[in-house]
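With compact mmCIF, C-alpha atoms inside, this is protein.txt:
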# COMPACT_ATOMS: atom_id res chain seq x y z
CA MET A 203 -7.39 18.38 -1.57
CA PRO A 204 -9.94 15.52 -1.32
CA LEU A 205 -8.71 12.38 0.37
CA THR A 206 -7.70 9.40 -1.76
CA PHE A 207 -8.44 5.81 -0.80
CA HIS A 208 -6.88 2.62 -2.15
CA TRP A 209 -7.88 -0.96 -1.40
CA PHE A 210 -5.77 -4.15 -1.43
CA LEU A 211 -5.65 -7.22 -3.66
CA PRO A 212 -4.87 -10.25 -1.44
CA THR A 213 -2.64 -12.19 -3.82
CA ASN A 214 -1.57 -14.32 -0.85
CA GLY A 215 -5.15 -15.60 -0.43
CA ASP A 216 -8.14 -14.34 1.50
CA SER A 217 -10.28 -15.54 4.38
CA ARG A 218 -12.74 -14.64 7.11
CA HIS A 219 -9.67 -14.96 9.32
CA VAL A 220 -6.41 -12.99 9.17
CA VAL A 221 -4.05 -14.33 6.52
CA GLY A 222 -0.52 -14.06 7.87
CA GLY A 223 2.70 -13.77 5.91
CA GLY A 224 5.12 -11.16 4.65
CA HIS A 225 8.61 -10.04 5.60
CA GLY A 226 10.03 -13.48 5.01
CA SER A 227 7.23 -15.43 6.68
CA PRO A 228 4.94 -17.63 4.55
CA ALA A 229 1.21 -17.08 4.14
CA THR A 230 -0.74 -18.93 6.83
CA ALA A 231 -3.10 -21.81 6.10
CA SER A 232 -6.11 -19.47 6.15
CA GLY A 233 -4.87 -18.08 2.83
CA ARG A 234 -6.22 -21.23 1.20
CA ASP A 235 -9.80 -20.41 2.22
CA ARG A 236 -10.22 -18.15 -0.81
CA PRO A 237 -7.37 -18.78 -3.27
CA PRO A 238 -6.11 -15.69 -5.12
CA THR A 239 -7.58 -16.59 -8.49
CA VAL A 240 -7.96 -13.96 -11.17
CA ALA A 241 -11.73 -14.39 -10.91
CA TYR A 242 -11.82 -13.68 -7.17
CA LEU A 243 -9.30 -10.83 -7.28
CA SER A 244 -11.27 -9.28 -10.13
CA GLN A 245 -14.41 -9.45 -8.01
CA ILE A 246 -12.63 -7.47 -5.28
CA ALA A 247 -11.22 -5.02 -7.82
CA ARG A 248 -14.59 -4.34 -9.41
CA ALA A 249 -16.15 -3.78 -5.99
CA ALA A 250 -13.39 -1.34 -5.06
CA GLU A 251 -13.83 0.47 -8.35
CA ASP A 252 -17.59 0.85 -7.89
CA LEU A 253 -17.28 1.96 -4.26
CA GLY A 254 -14.83 4.77 -5.02
CA PHE A 255 -11.36 3.47 -4.23
CA LEU A 256 -8.92 5.04 -6.68
CA GLY A 257 -6.50 2.11 -6.75
CA ALA A 258 -5.54 -1.22 -5.22
CA LEU A 259 -2.19 -2.18 -3.72
CA THR A 260 -0.79 -5.54 -4.80
CA PRO A 261 2.04 -6.90 -2.60
CA THR A 262 5.36 -8.43 -3.59
CA GLY A 263 7.40 -11.29 -2.18
CA ALA A 264 7.71 -15.05 -2.08
CA TRP A 265 4.52 -15.30 0.02
CA CYS A 266 2.17 -14.11 -2.76
CA GLU A 267 1.53 -14.19 -6.49
CA ASP A 268 3.57 -11.94 -8.78
CA ALA A 269 2.15 -8.43 -8.75
CA TRP A 270 2.95 -7.44 -12.35
CA LEU A 271 1.37 -10.51 -13.94
CA THR A 272 -1.64 -10.57 -11.63
CA THR A 273 -2.56 -6.92 -12.07
CA ALA A 274 -2.07 -7.12 -15.84
CA MET A 275 -4.72 -9.85 -15.91
CA VAL A 276 -7.08 -8.19 -13.44
CA SER A 277 -6.82 -4.89 -15.31
CA GLN A 278 -8.58 -6.49 -18.26
CA ARG A 279 -11.63 -7.20 -16.08
CA THR A 280 -11.89 -3.66 -14.71
CA GLU A 281 -12.33 -0.27 -16.32
CA ARG A 282 -10.99 2.55 -14.16
CA LEU A 283 -9.32 1.19 -11.04
CA LYS A 284 -5.59 1.89 -10.81
CA PHE A 285 -3.09 -0.70 -9.62
CA LEU A 286 -0.44 0.16 -7.05
CA VAL A 287 2.04 -2.52 -8.08
CA ALA A 288 4.67 -3.35 -5.48
CA PHE A 289 7.99 -4.48 -6.92
CA ARG A 290 11.63 -4.84 -5.87
CA PRO A 291 14.22 -2.94 -7.90
CA GLY A 292 16.92 -5.55 -7.34
CA PHE A 293 15.01 -8.19 -9.28
CA VAL A 294 14.73 -6.44 -12.65
CA SER A 295 16.87 -4.05 -14.67
CA PRO A 296 15.88 -0.37 -14.53
CA THR A 297 15.53 -0.11 -18.31
CA LEU A 298 13.25 -3.14 -18.44
CA ALA A 299 11.19 -1.86 -15.50
CA ALA A 300 10.76 1.51 -17.21
CA GLN A 301 9.65 -0.30 -20.38
CA MET A 302 7.24 -2.54 -18.46
CA ALA A 303 5.67 0.49 -16.81
CA SER A 304 5.32 2.23 -20.15
CA THR A 305 3.62 -0.81 -21.68
CA PHE A 306 1.30 -1.15 -18.69
CA GLN A 307 0.22 2.47 -19.04
CA ARG A 308 -0.59 2.12 -22.73
CA GLN A 309 -2.44 -1.17 -22.37
CA THR A 310 -4.56 -0.04 -19.40
CA GLY A 311 -5.19 3.59 -20.24
CA GLY A 312 -2.80 4.97 -17.62
CA ARG A 313 -3.81 2.88 -14.61
CA LEU A 314 -0.39 2.07 -13.11
CA LEU A 315 1.04 3.34 -9.82
CA LEU A 316 4.35 1.95 -8.53
CA ASN A 317 5.15 0.96 -4.96
CA VAL A 318 8.93 0.59 -4.80
CA VAL A 319 9.91 -1.98 -2.14
CA THR A 320 13.64 -2.15 -1.50
CA GLY A 321 13.36 -5.38 0.52
CA GLY A 322 14.03 -5.57 4.24
CA GLU A 323 14.92 -9.25 4.64
CA SER A 324 18.31 -10.39 3.36
CA HIS A 325 17.48 -14.09 3.54
CA GLU A 326 14.51 -13.60 1.20
CA GLN A 327 16.53 -11.37 -1.13
CA ARG A 328 19.24 -14.02 -1.39
CA ALA A 329 16.64 -16.55 -2.54
CA TYR A 330 16.19 -14.30 -5.58
CA GLY A 331 19.92 -13.94 -6.16
CA ASP A 332 20.36 -10.56 -4.43
CA PHE A 333 23.26 -10.59 -1.95
CA LEU A 334 23.59 -6.89 -1.11
CA ASP A 335 23.11 -5.76 2.47
CA LYS A 336 20.20 -3.54 3.42
CA ASP A 337 21.88 -0.12 3.13
CA ALA A 338 23.42 -1.11 -0.20
CA ARG A 339 20.00 -2.16 -1.45
CA TYR A 340 18.66 1.31 -0.70
CA ARG A 341 21.59 2.96 -2.48
CA ARG A 342 20.90 0.73 -5.48
CA THR A 343 17.22 1.74 -5.32
CA GLY A 344 18.28 5.38 -5.58
CA GLU A 345 20.32 4.64 -8.70
CA PHE A 346 17.46 2.57 -10.10
CA LEU A 347 14.90 5.35 -9.68
CA ARG A 348 17.25 7.94 -11.13
CA ILE A 349 17.61 5.85 -14.29
CA VAL A 350 13.91 5.04 -14.56
CA ARG A 351 12.80 8.63 -14.10
CA GLU A 352 15.23 9.92 -16.71
CA LEU A 353 14.03 7.26 -19.16
CA TRP A 354 10.43 8.26 -18.51
CA ASP A 355 11.44 11.86 -19.27
CA GLY A 356 12.53 10.70 -22.73
CA LYS A 357 16.25 11.04 -22.02
CA THR A 358 19.06 8.80 -23.18
CA VAL A 359 20.78 7.56 -20.04
CA ASP A 360 24.40 6.67 -19.39
CA LEU A 361 25.17 5.86 -15.78
CA SER A 362 28.00 4.01 -14.09
CA GLY A 363 26.97 3.83 -10.47
CA GLU A 364 27.99 1.92 -7.40
CA HIS A 365 25.55 -0.89 -8.23
CA LEU A 366 23.97 -0.21 -11.63
CA ARG A 367 25.42 0.54 -15.02
CA VAL A 368 23.58 1.36 -18.23
CA GLU A 369 24.84 2.72 -21.55
CA ASP A 370 22.78 4.44 -24.23
CA ALA A 371 19.56 3.43 -22.46
CA ARG A 372 16.36 4.91 -23.85
CA LEU A 373 12.71 4.11 -24.40
CA THR A 374 11.09 4.04 -27.81
CA ARG A 375 7.81 5.16 -26.22
CA VAL A 376 7.60 6.91 -22.87
CA PRO A 377 4.64 6.31 -20.52
CA ASP A 378 1.73 8.72 -20.61
CA PRO A 379 1.03 9.58 -17.90
CA VAL A 380 4.24 8.89 -16.02
CA PRO A 381 3.40 6.53 -13.11
CA GLU A 382 3.60 8.02 -9.65
CA VAL A 383 6.15 6.42 -7.31
CA TYR A 384 5.09 5.37 -3.80
CA PHE A 385 7.88 4.60 -1.37
CA GLY A 386 8.27 3.77 2.32
CA GLY A 387 11.08 3.14 4.77
CA SER A 388 12.11 4.18 8.27
CA SER A 389 15.90 4.05 8.09
CA PRO A 390 18.06 7.14 7.38
CA VAL A 391 19.09 5.89 3.93
CA ALA A 392 15.43 5.13 3.09
CA GLY A 393 14.51 8.70 3.96
CA GLU A 394 17.16 10.06 1.61
CA VAL A 395 15.87 7.93 -1.28
CA ALA A 396 12.27 8.97 -0.60
CA ALA A 397 13.20 12.65 -0.48
CA ARG A 398 14.95 12.47 -3.85
CA HIS A 399 12.63 10.22 -5.85
CA ALA A 400 9.19 9.52 -4.31
CA ASP A 401 5.92 11.20 -5.18
CA VAL A 402 4.12 9.71 -2.17
CA TYR A 403 5.79 8.61 1.07
CA LEU A 404 3.96 5.71 2.71
CA THR A 405 4.07 4.82 6.39
CA TRP A 406 2.53 1.89 8.18
CA GLY A 407 -0.25 2.66 10.65
CA GLU A 408 1.57 3.88 13.71
CA PRO A 409 -0.10 6.11 16.33
CA PRO A 410 -0.58 9.72 15.20
CA ALA A 411 2.33 11.14 17.24
CA GLN A 412 4.78 8.75 15.58
CA VAL A 413 3.30 9.41 12.14
CA ALA A 414 3.69 13.15 12.71
CA GLU A 415 7.39 12.64 13.47
CA LYS A 416 7.87 10.69 10.25
CA ILE A 417 6.08 13.31 8.16
CA ALA A 418 8.20 16.11 9.63
CA TRP A 419 11.37 14.07 9.00
CA ILE A 420 10.58 13.36 5.34
CA ARG A 421 9.29 16.89 4.68
CA GLY A 422 12.56 18.29 5.94
CA LEU A 423 14.63 15.95 3.79
CA ALA A 424 12.51 16.67 0.71
CA ALA A 425 12.75 20.43 1.28
CA GLY A 426 16.53 20.04 1.24
CA GLN A 427 16.15 18.60 -2.27
CA GLY A 428 13.79 21.38 -3.34
CA ARG A 429 10.90 18.92 -3.48
CA THR A 430 7.50 18.40 -1.85
CA LEU A 431 5.86 15.00 -1.35
CA ARG A 432 2.40 13.73 -0.54
CA PHE A 433 1.92 11.34 2.36
CA GLY A 434 -0.05 8.12 2.69
CA ILE A 435 -0.70 5.52 5.38
CA ARG A 436 -1.20 1.75 5.16
CA LEU A 437 -3.85 0.32 7.52
CA HIS A 438 -6.37 -2.46 7.89
CA VAL A 439 -9.90 -1.51 8.80
CA ILE A 440 -12.85 -3.00 10.70
CA THR A 441 -15.79 -0.60 10.56
CA ARG A 442 -19.39 -1.36 11.51
CA ASP A 443 -22.64 0.41 12.31
CA THR A 444 -21.71 0.45 16.00
CA SER A 445 -18.46 0.39 17.93
CA GLU A 446 -19.57 -2.78 19.75
CA GLN A 447 -20.05 -4.64 16.47
CA ALA A 448 -16.62 -3.59 15.20
CA TRP A 449 -14.78 -4.64 18.35
CA ALA A 450 -16.67 -7.92 18.41
CA GLU A 451 -15.27 -8.62 14.95
CA ALA A 452 -11.75 -7.69 16.07
CA HIS A 453 -12.06 -10.06 19.03
CA ARG A 454 -13.35 -12.81 16.74
CA LEU A 455 -10.26 -12.46 14.59
CA LEU A 456 -8.03 -12.45 17.66
CA ASP A 457 -9.69 -15.61 18.98
CA GLY A 458 -8.74 -17.32 15.73
CA PHE A 459 -4.99 -16.78 16.28
CA ASP A 460 -3.36 -20.09 17.14
CA PRO A 461 -0.79 -19.48 19.93
CA ALA A 462 1.81 -21.63 18.17
CA THR A 463 1.38 -19.62 14.97
CA VAL A 464 1.72 -16.34 16.87
CA ARG A 465 4.97 -17.55 18.49
CA SER A 466 6.38 -18.77 15.18
CA VAL A 467 5.51 -15.56 13.31
CA GLN A 468 6.85 -13.33 16.09
CA GLU A 469 10.11 -15.28 16.27
CA GLY A 470 10.55 -14.87 12.52
CA LEU A 471 9.68 -11.18 12.48
CA ALA A 472 12.02 -10.50 15.42
CA ARG A 473 14.89 -11.29 13.05
CA SER A 474 13.74 -8.66 10.56
CA GLU A 475 16.27 -6.08 9.38
CA SER A 476 13.47 -3.61 8.62
CA GLN A 477 13.23 -0.68 10.99
CA GLY A 478 9.61 -0.27 10.01
CA GLN A 479 8.91 -3.88 10.95
CA ARG A 480 10.63 -3.43 14.30
CA ARG A 481 8.46 -0.38 14.94
CA MET A 482 5.38 -2.48 14.18
CA LEU A 483 6.50 -5.20 16.61
CA ALA A 484 7.10 -2.65 19.36
CA LEU A 485 3.43 -1.64 19.22
CA HIS A 486 2.25 -4.96 20.68
CA GLY A 487 5.40 -6.72 21.93
CA GLY A 488 3.99 -10.10 20.91
CA SER A 489 1.30 -9.88 23.60
CA ARG A 490 -2.48 -10.09 23.23
CA ASP A 491 -2.91 -7.52 25.99
CA ARG A 492 -3.43 -3.79 25.47
CA LEU A 493 -3.73 -4.04 21.70
CA GLU A 494 -5.67 -0.77 21.38
CA ILE A 495 -2.59 1.45 21.18
CA HIS A 496 -4.50 4.65 20.37
CA PRO A 497 -8.24 5.23 20.30
CA ASN A 498 -9.62 2.94 17.56
CA LEU A 499 -6.13 1.83 16.49
CA TRP A 500 -5.68 -1.91 17.07
CA ALA A 501 -2.33 -3.72 16.76
CA GLY A 502 -3.75 -7.26 16.75
CA ILE A 503 -3.16 -7.94 13.04
CA GLY A 504 0.59 -7.68 13.59
CA LEU A 505 0.59 -10.75 15.82
CA VAL A 506 0.35 -13.01 12.77
CA ARG A 507 1.18 -10.77 9.80
CA GLY A 508 4.36 -9.05 8.73
CA GLY A 509 4.33 -5.53 7.39
CA ALA A 510 1.19 -3.50 8.04
CA GLY A 511 -0.06 -4.76 11.40
CA THR A 512 -2.59 -2.22 12.68
CA ALA A 513 -6.27 -1.66 11.98
CA LEU A 514 -8.77 1.14 12.47
CA VAL A 515 -11.57 -0.42 14.52
CA GLY A 516 -14.82 1.26 15.43
CA SER A 517 -18.15 2.60 14.28
CA HIS A 518 -18.25 4.37 10.94
CA ASP A 519 -18.24 7.73 12.71
CA GLU A 520 -15.28 6.74 14.91
CA VAL A 521 -13.27 5.59 11.90
CA VAL A 522 -14.08 8.89 10.18
CA GLY A 523 -12.72 10.66 13.25
CA ARG A 524 -9.43 8.77 13.10
CA ILE A 525 -9.09 9.46 9.37
CA GLU A 526 -9.62 13.15 10.05
CA GLU A 527 -6.96 12.96 12.78
CA TYR A 528 -4.38 11.50 10.40
CA HIS A 529 -5.42 13.91 7.67
CA ALA A 530 -4.76 16.84 10.00
CA LEU A 531 -1.15 15.62 10.26
CA GLY A 532 -0.71 15.69 6.49
CA ILE A 533 -1.93 12.26 5.37
CA ASP A 534 -3.87 12.53 2.10
CA GLU A 535 -3.89 8.91 0.91
CA PHE A 536 -5.09 5.81 2.76
CA VAL A 537 -4.20 2.29 1.60
CA LEU A 538 -6.65 -0.01 3.34
CA SER A 539 -7.54 -3.69 3.61
CA GLY A 540 -9.68 -6.03 5.70
CA TYR A 541 -10.64 -9.67 6.12
CA PRO A 542 -12.24 -10.79 3.96
CA HIS A 543 -11.38 -8.13 1.43
CA LEU A 544 -14.55 -8.33 -0.60
CA GLU A 545 -16.94 -7.84 2.31
CA GLU A 546 -14.80 -5.30 4.16
CA ALA A 547 -14.56 -3.14 1.03
CA TYR A 548 -18.35 -2.77 1.19
CA TRP A 549 -18.40 -2.06 4.93
CA PHE A 550 -15.95 0.82 4.42
CA GLY A 551 -17.24 1.99 1.06
CA GLU A 552 -20.86 2.15 2.15
CA GLY A 553 -20.31 3.16 5.77
CA VAL A 554 -17.34 5.54 5.87
CA LEU A 555 -16.93 7.10 2.42
CA PRO A 556 -20.40 8.73 2.34
CA ARG A 557 -19.72 10.32 5.73
CA LEU A 558 -16.42 11.72 4.46
CA ALA A 559 -18.17 12.99 1.35
CA ALA A 560 -20.74 14.77 3.52
CA ARG A 561 -17.86 16.55 5.27
CA GLY A 562 -16.35 17.62 1.95
CA LEU A 563 -13.28 15.44 2.49
CA TRP A 564 -13.87 12.93 -0.29
CA ARG A 565 -15.56 12.58 -3.64
CA HIS A 566 -15.95 9.53 -5.84
CA PRO A 567 -12.98 9.59 -8.24
CA PHE A 568 -14.95 8.00 -11.09
CA ALA A 569 -18.23 9.87 -10.69
CA ALA A 570 -19.37 11.85 -13.69
CA PRO A 571 -19.23 15.61 -13.14
CA ALA A 572 -22.55 17.22 -12.38
CA ALA A 573 -24.29 18.62 -15.43
CA PRO A 574 -24.56 22.42 -15.50
CA ALA A 575 -27.93 23.84 -14.63
CA VAL A 576 -30.08 24.57 -17.67
CA GLN A 577 -31.62 28.04 -17.76
CA VAL A 578 -35.24 27.78 -18.90
CA PRO A 579 -36.51 31.04 -20.35
CA PHE A 580 -39.51 32.55 -18.60
CA THR A 581 -42.48 32.72 -20.91
CA GLY A 582 -45.27 33.63 -18.53
Re-express the file's structure as structure tokens.
Amino acid sequence: MPLTFHWFLPTNGDSRHVVGGGHGSPATASGRDRPPTVAYLSQIARAAEDLGFLGALTPTGAWCEDAWLTTAMVSQRTERLKFLVAFRPGFVSPTLAAQMASTFQRQTGGRLLLNVVTGGESHEQRAYGDFLDKDARYRRTGEFLRIVRELWDGKTVDLSGEHLRVEDARLTRVPDPVPEVYFGGSSPVAGEVAARHADVYLTWGEPPAQVAEKIAWIRGLAAGQGRTLRFGIRLHVITRDTSEQAWAEAHRLLDGFDPATVRSVQEGLARSESQGQRRMLALHGGSRDRLEIHPNLWAGIGLVRGGAGTALVGSHDEVVGRIEEYHALGIDEFVLSGYPHLEEAYWFGEGVLPRLAARGLWRHPFAAPAAPAVQVPFTG
């Protein structure tokens, strides 16, 4: 199976510096360098589309613009790029979410993917009126996805669950195609939900040995449900013509981290309820030392940003090598980003993707199929 690559729409703002935020922490001041206007986000989306990224992840939370509304607008300025829309099940009814997804598919020609985010921070959830604890939120997510999937199958749904209740729920028009569901989480209850309902399990960019453990864990749970999943990884990327150039860029970004901002962000993230976030923090321990935690895997981003905090850093060939290493573990989809997102899309799209194509690991998802050879009759 050829590898799939997605890019990222920075709806929290963009910059030549790292824009912090996420997991309950606000976007840093650098996010104002390039505001997340529809015009700018559309520029990134069109570049990603041309370069060969299949889709673009759009985040969710108080730190960024709303993903549904933003992608609906950006979709009208693109032609083929899909949108991996992150959303939180506790903020919208399952029947309405199923209807929204169906509408999105019809109005965009089937360009919706869904990233279901249960929400790891109770204090942020409470700001939206959600007062369940973390495990209860995951159990509600399971009920939510059960309802949504049955509605997408054209069924009439009656469910009285622990957290959700619907009666005679149905869709007038089901989505075509049905959106794929992307889901991540490191806790036991998250694994159970993923095994039952996800199409693609996403992990943040941990070292390969830890990623292999996660894949084996989820595969085993899914097999118990009679299901198989695909696996994806969320990473930043800094790729250049030479390794020295790439690491110089990483060090430039690191030099831009204000020590007070690092302390503030780390103190906030240390209170996170998310096991995945705690695993990210453990990779660097809040220190600027020893940030290369595996060859070409750099944990510096996580000093000022919640969520995905690691980057592939190196020459184009070195980054290809790391992608092949993760692929050998079972990773087929890569959700990538870089600062600034417009320029870094070109560095990766022009430097790495052609090398992967030459190895037979990737092909442009929007390229026209090659025309069959025409047999010219011999007349001589």
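For the set A:Ala264, A:Val506, A:Ala396, A:Ala513, the residue with the smallest atom-to-atom gap to A:Ile435 is A:Ala513, counting only C-alpha atoms.
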Would you be able to write out as JSON, numbers by chain which residues have an atom within 12 Å of (5.6, -10.6, 23.1) in the file's coordinates, counting all atoms listed in the file? {"A": [461, 464, 465, 466, 467, 468, 469, 471, 472, 483, 484, 485, 486, 487, 488, 489, 490, 491, 492, 493, 502, 504, 505, 506]}
Nearby residues (only C-alpha atoms) at most 10 Å from A:Asp337, same-chain spacing under 6 positions excluded, as a PyMOL selection string: chain A and resi 320+322+343+389-392
Residues proximal to (-5.7, 5.9, -11.3) were defined as those with any atom within 8 Å of that point in the file's coordinates, counting only C-alpha atoms. Which are they, as a PyMOL selection string? chain A and resi 256-257+282-285+312-315
Compare A:Val287, A:Val554, A:Ala570, A:Met482 by their minimum atom-to-atom distance to A:Leu253, counting all atoms listed in the file, and give me the closest one. A:Val554
Can you list every residue of stretch 480-545 of chain A that has an atom at most 10 Å from stretch 398-407 of chain A, with its nearest atom pair and the distance in Å to one decimal, using all atoms listed in the file, ordered by chain then number, as JSON lines?
{"residue": "A:Arg481", "atom": "CA", "partner": "A:Trp406", "partner_atom": "CA", "distance": 9.3}
{"residue": "A:Met482", "atom": "CA", "partner": "A:Trp406", "partner_atom": "CA", "distance": 8.0}
{"residue": "A:Leu499", "atom": "CA", "partner": "A:Gly407", "partner_atom": "CA", "distance": 8.3}
{"residue": "A:Trp500", "atom": "CA", "partner": "A:Gly407", "partner_atom": "CA", "distance": 9.6}
{"residue": "A:Ala501", "atom": "CA", "partner": "A:Gly407", "partner_atom": "CA", "distance": 9.1}
{"residue": "A:Gly509", "atom": "CA", "partner": "A:Trp406", "partner_atom": "CA", "distance": 7.7}
{"residue": "A:Ala510", "atom": "CA", "partner": "A:Trp406", "partner_atom": "CA", "distance": 5.6}
{"residue": "A:Gly511", "atom": "CA", "partner": "A:Gly407", "partner_atom": "CA", "distance": 7.5}
{"residue": "A:Thr512", "atom": "CA", "partner": "A:Gly407", "partner_atom": "CA", "distance": 5.8}
{"residue": "A:Ala513", "atom": "CA", "partner": "A:Gly407", "partner_atom": "CA", "distance": 7.5}
{"residue": "A:Leu514", "atom": "CA", "partner": "A:Gly407", "partner_atom": "CA", "distance": 8.8}
{"residue": "A:Tyr528", "atom": "CA", "partner": "A:Gly407", "partner_atom": "CA", "distance": 9.8}
{"residue": "A:Ile533", "atom": "CA", "partner": "A:Leu404", "partner_atom": "CA", "distance": 9.2}
{"residue": "A:Asp534", "atom": "CA", "partner": "A:Val402", "partner_atom": "CA", "distance": 9.5}
{"residue": "A:Glu535", "atom": "CA", "partner": "A:Val402", "partner_atom": "CA", "distance": 8.6}
{"residue": "A:Phe536", "atom": "CA", "partner": "A:Leu404", "partner_atom": "CA", "distance": 9.1}
{"residue": "A:Val537", "atom": "CA", "partner": "A:Leu404", "partner_atom": "CA", "distance": 8.9}
Can I get the selected residues back with C-alpha atoms, as a PDB file, keeping the file's coordinate frame?
ATOM      1  CA  ARG A 481       8.460  -0.380  14.940  1.00  0.00           C
ATOM      2  CA  MET A 482       5.380  -2.480  14.180  1.00  0.00           C
ATOM      3  CA  LEU A 499      -6.130   1.830  16.490  1.00  0.00           C
ATOM      4  CA  TRP A 500      -5.680  -1.910  17.070  1.00  0.00           C
ATOM      5  CA  ALA A 501      -2.330  -3.720  16.760  1.00  0.00           C
ATOM      6  CA  GLY A 509       4.330  -5.530   7.390  1.00  0.00           C
ATOM      7  CA  ALA A 510       1.190  -3.500   8.040  1.00  0.00           C
ATOM      8  CA  GLY A 511      -0.060  -4.760  11.400  1.00  0.00           C
ATOM      9  CA  THR A 512      -2.590  -2.220  12.680  1.00  0.00           C
ATOM     10  CA  ALA A 513      -6.270  -1.660  11.980  1.00  0.00           C
ATOM     11  CA  LEU A 514      -8.770   1.140  12.470  1.00  0.00           C
ATOM     12  CA  TYR A 528      -4.380  11.500  10.400  1.00  0.00           C
ATOM     13  CA  ILE A 533      -1.930  12.260   5.370  1.00  0.00           C
ATOM     14  CA  ASP A 534      -3.870  12.530   2.100  1.00  0.00           C
ATOM     15  CA  GLU A 535      -3.890   8.910   0.910  1.00  0.00           C
ATOM     16  CA  PHE A 536      -5.090   5.810   2.760  1.00  0.00           C
ATOM     17  CA  VAL A 537      -4.200   2.290   1.600  1.00  0.00           C
TER      18      VAL A 537
END
Select, from A:Val395, A:Leu334, A:Ala448, A:Ala299, the residue with the minimum atom-to-atom distance to A:Glu364, counting only C-alpha atoms. A:Leu334
Quick one: distance from atom CA of A:Glu520 to atom CA of A:Gly562 in Å, one decimal? 17.0 Å
Go ahead and compute the interatomic distance for atom CA of A:Gly224 and atom CA of A:Trp265, in Å to one decimal. 6.2 Å
Separation of atom CA of A:Asp378 from atom CA of A:Phe433, in Å and rounded to one decimal: 23.1 Å
Close residues, A:Ala231 itself excluded, 10 Å, all atoms listed in the file, min 2 positions apart in chain, as a PyMOL selection string: chain A and resi 215+217+220-223+228-229+233-235
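Excluding A:Ala249 and any residue on its chain fewer than 3 positions from it, the residues at most 8 Å away by all atoms listed in the file are Gln245, Ile246, Asp252, Leu253, Leu544, Ala547 and Tyr548 of chain A.
If only C-alpha atoms are the atoms counted, then among A:Thr305, A:Gly386, A:Arg507, A:Pro296 the closest residue to A:Glu345 is A:Pro296.
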Which one is closest to A:Phe289: A:Leu316, A:Ala414, A:Val276, A:Leu271? Count only C-alpha atoms. A:Leu316
Box for stretch 434-444 of chain A: with edges along x, y and z, all listed atoms inside and 8 Å added on each side, what are the centre and edge lengths in Å to one decimal, as AutoDock Vina command-line options?
--center_x -11.3 --center_y 2.6 --center_z 9.3 --size_x 38.6 --size_y 27.1 --size_z 29.3
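With distances taken over all atoms listed in the file, A:Val522 is the one residue among A:Ala338, A:Val522, A:Ala425, A:Ala269 lying closest to A:Ala560.
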Residues within 10 Å of A:His518, please, as a PyMOL selection string. Count all atoms listed in the file; anything in the same chain fewer than 2 positions from it doesn't count. chain A and resi 440-445+448+515-516+520-523+549-550+552-558
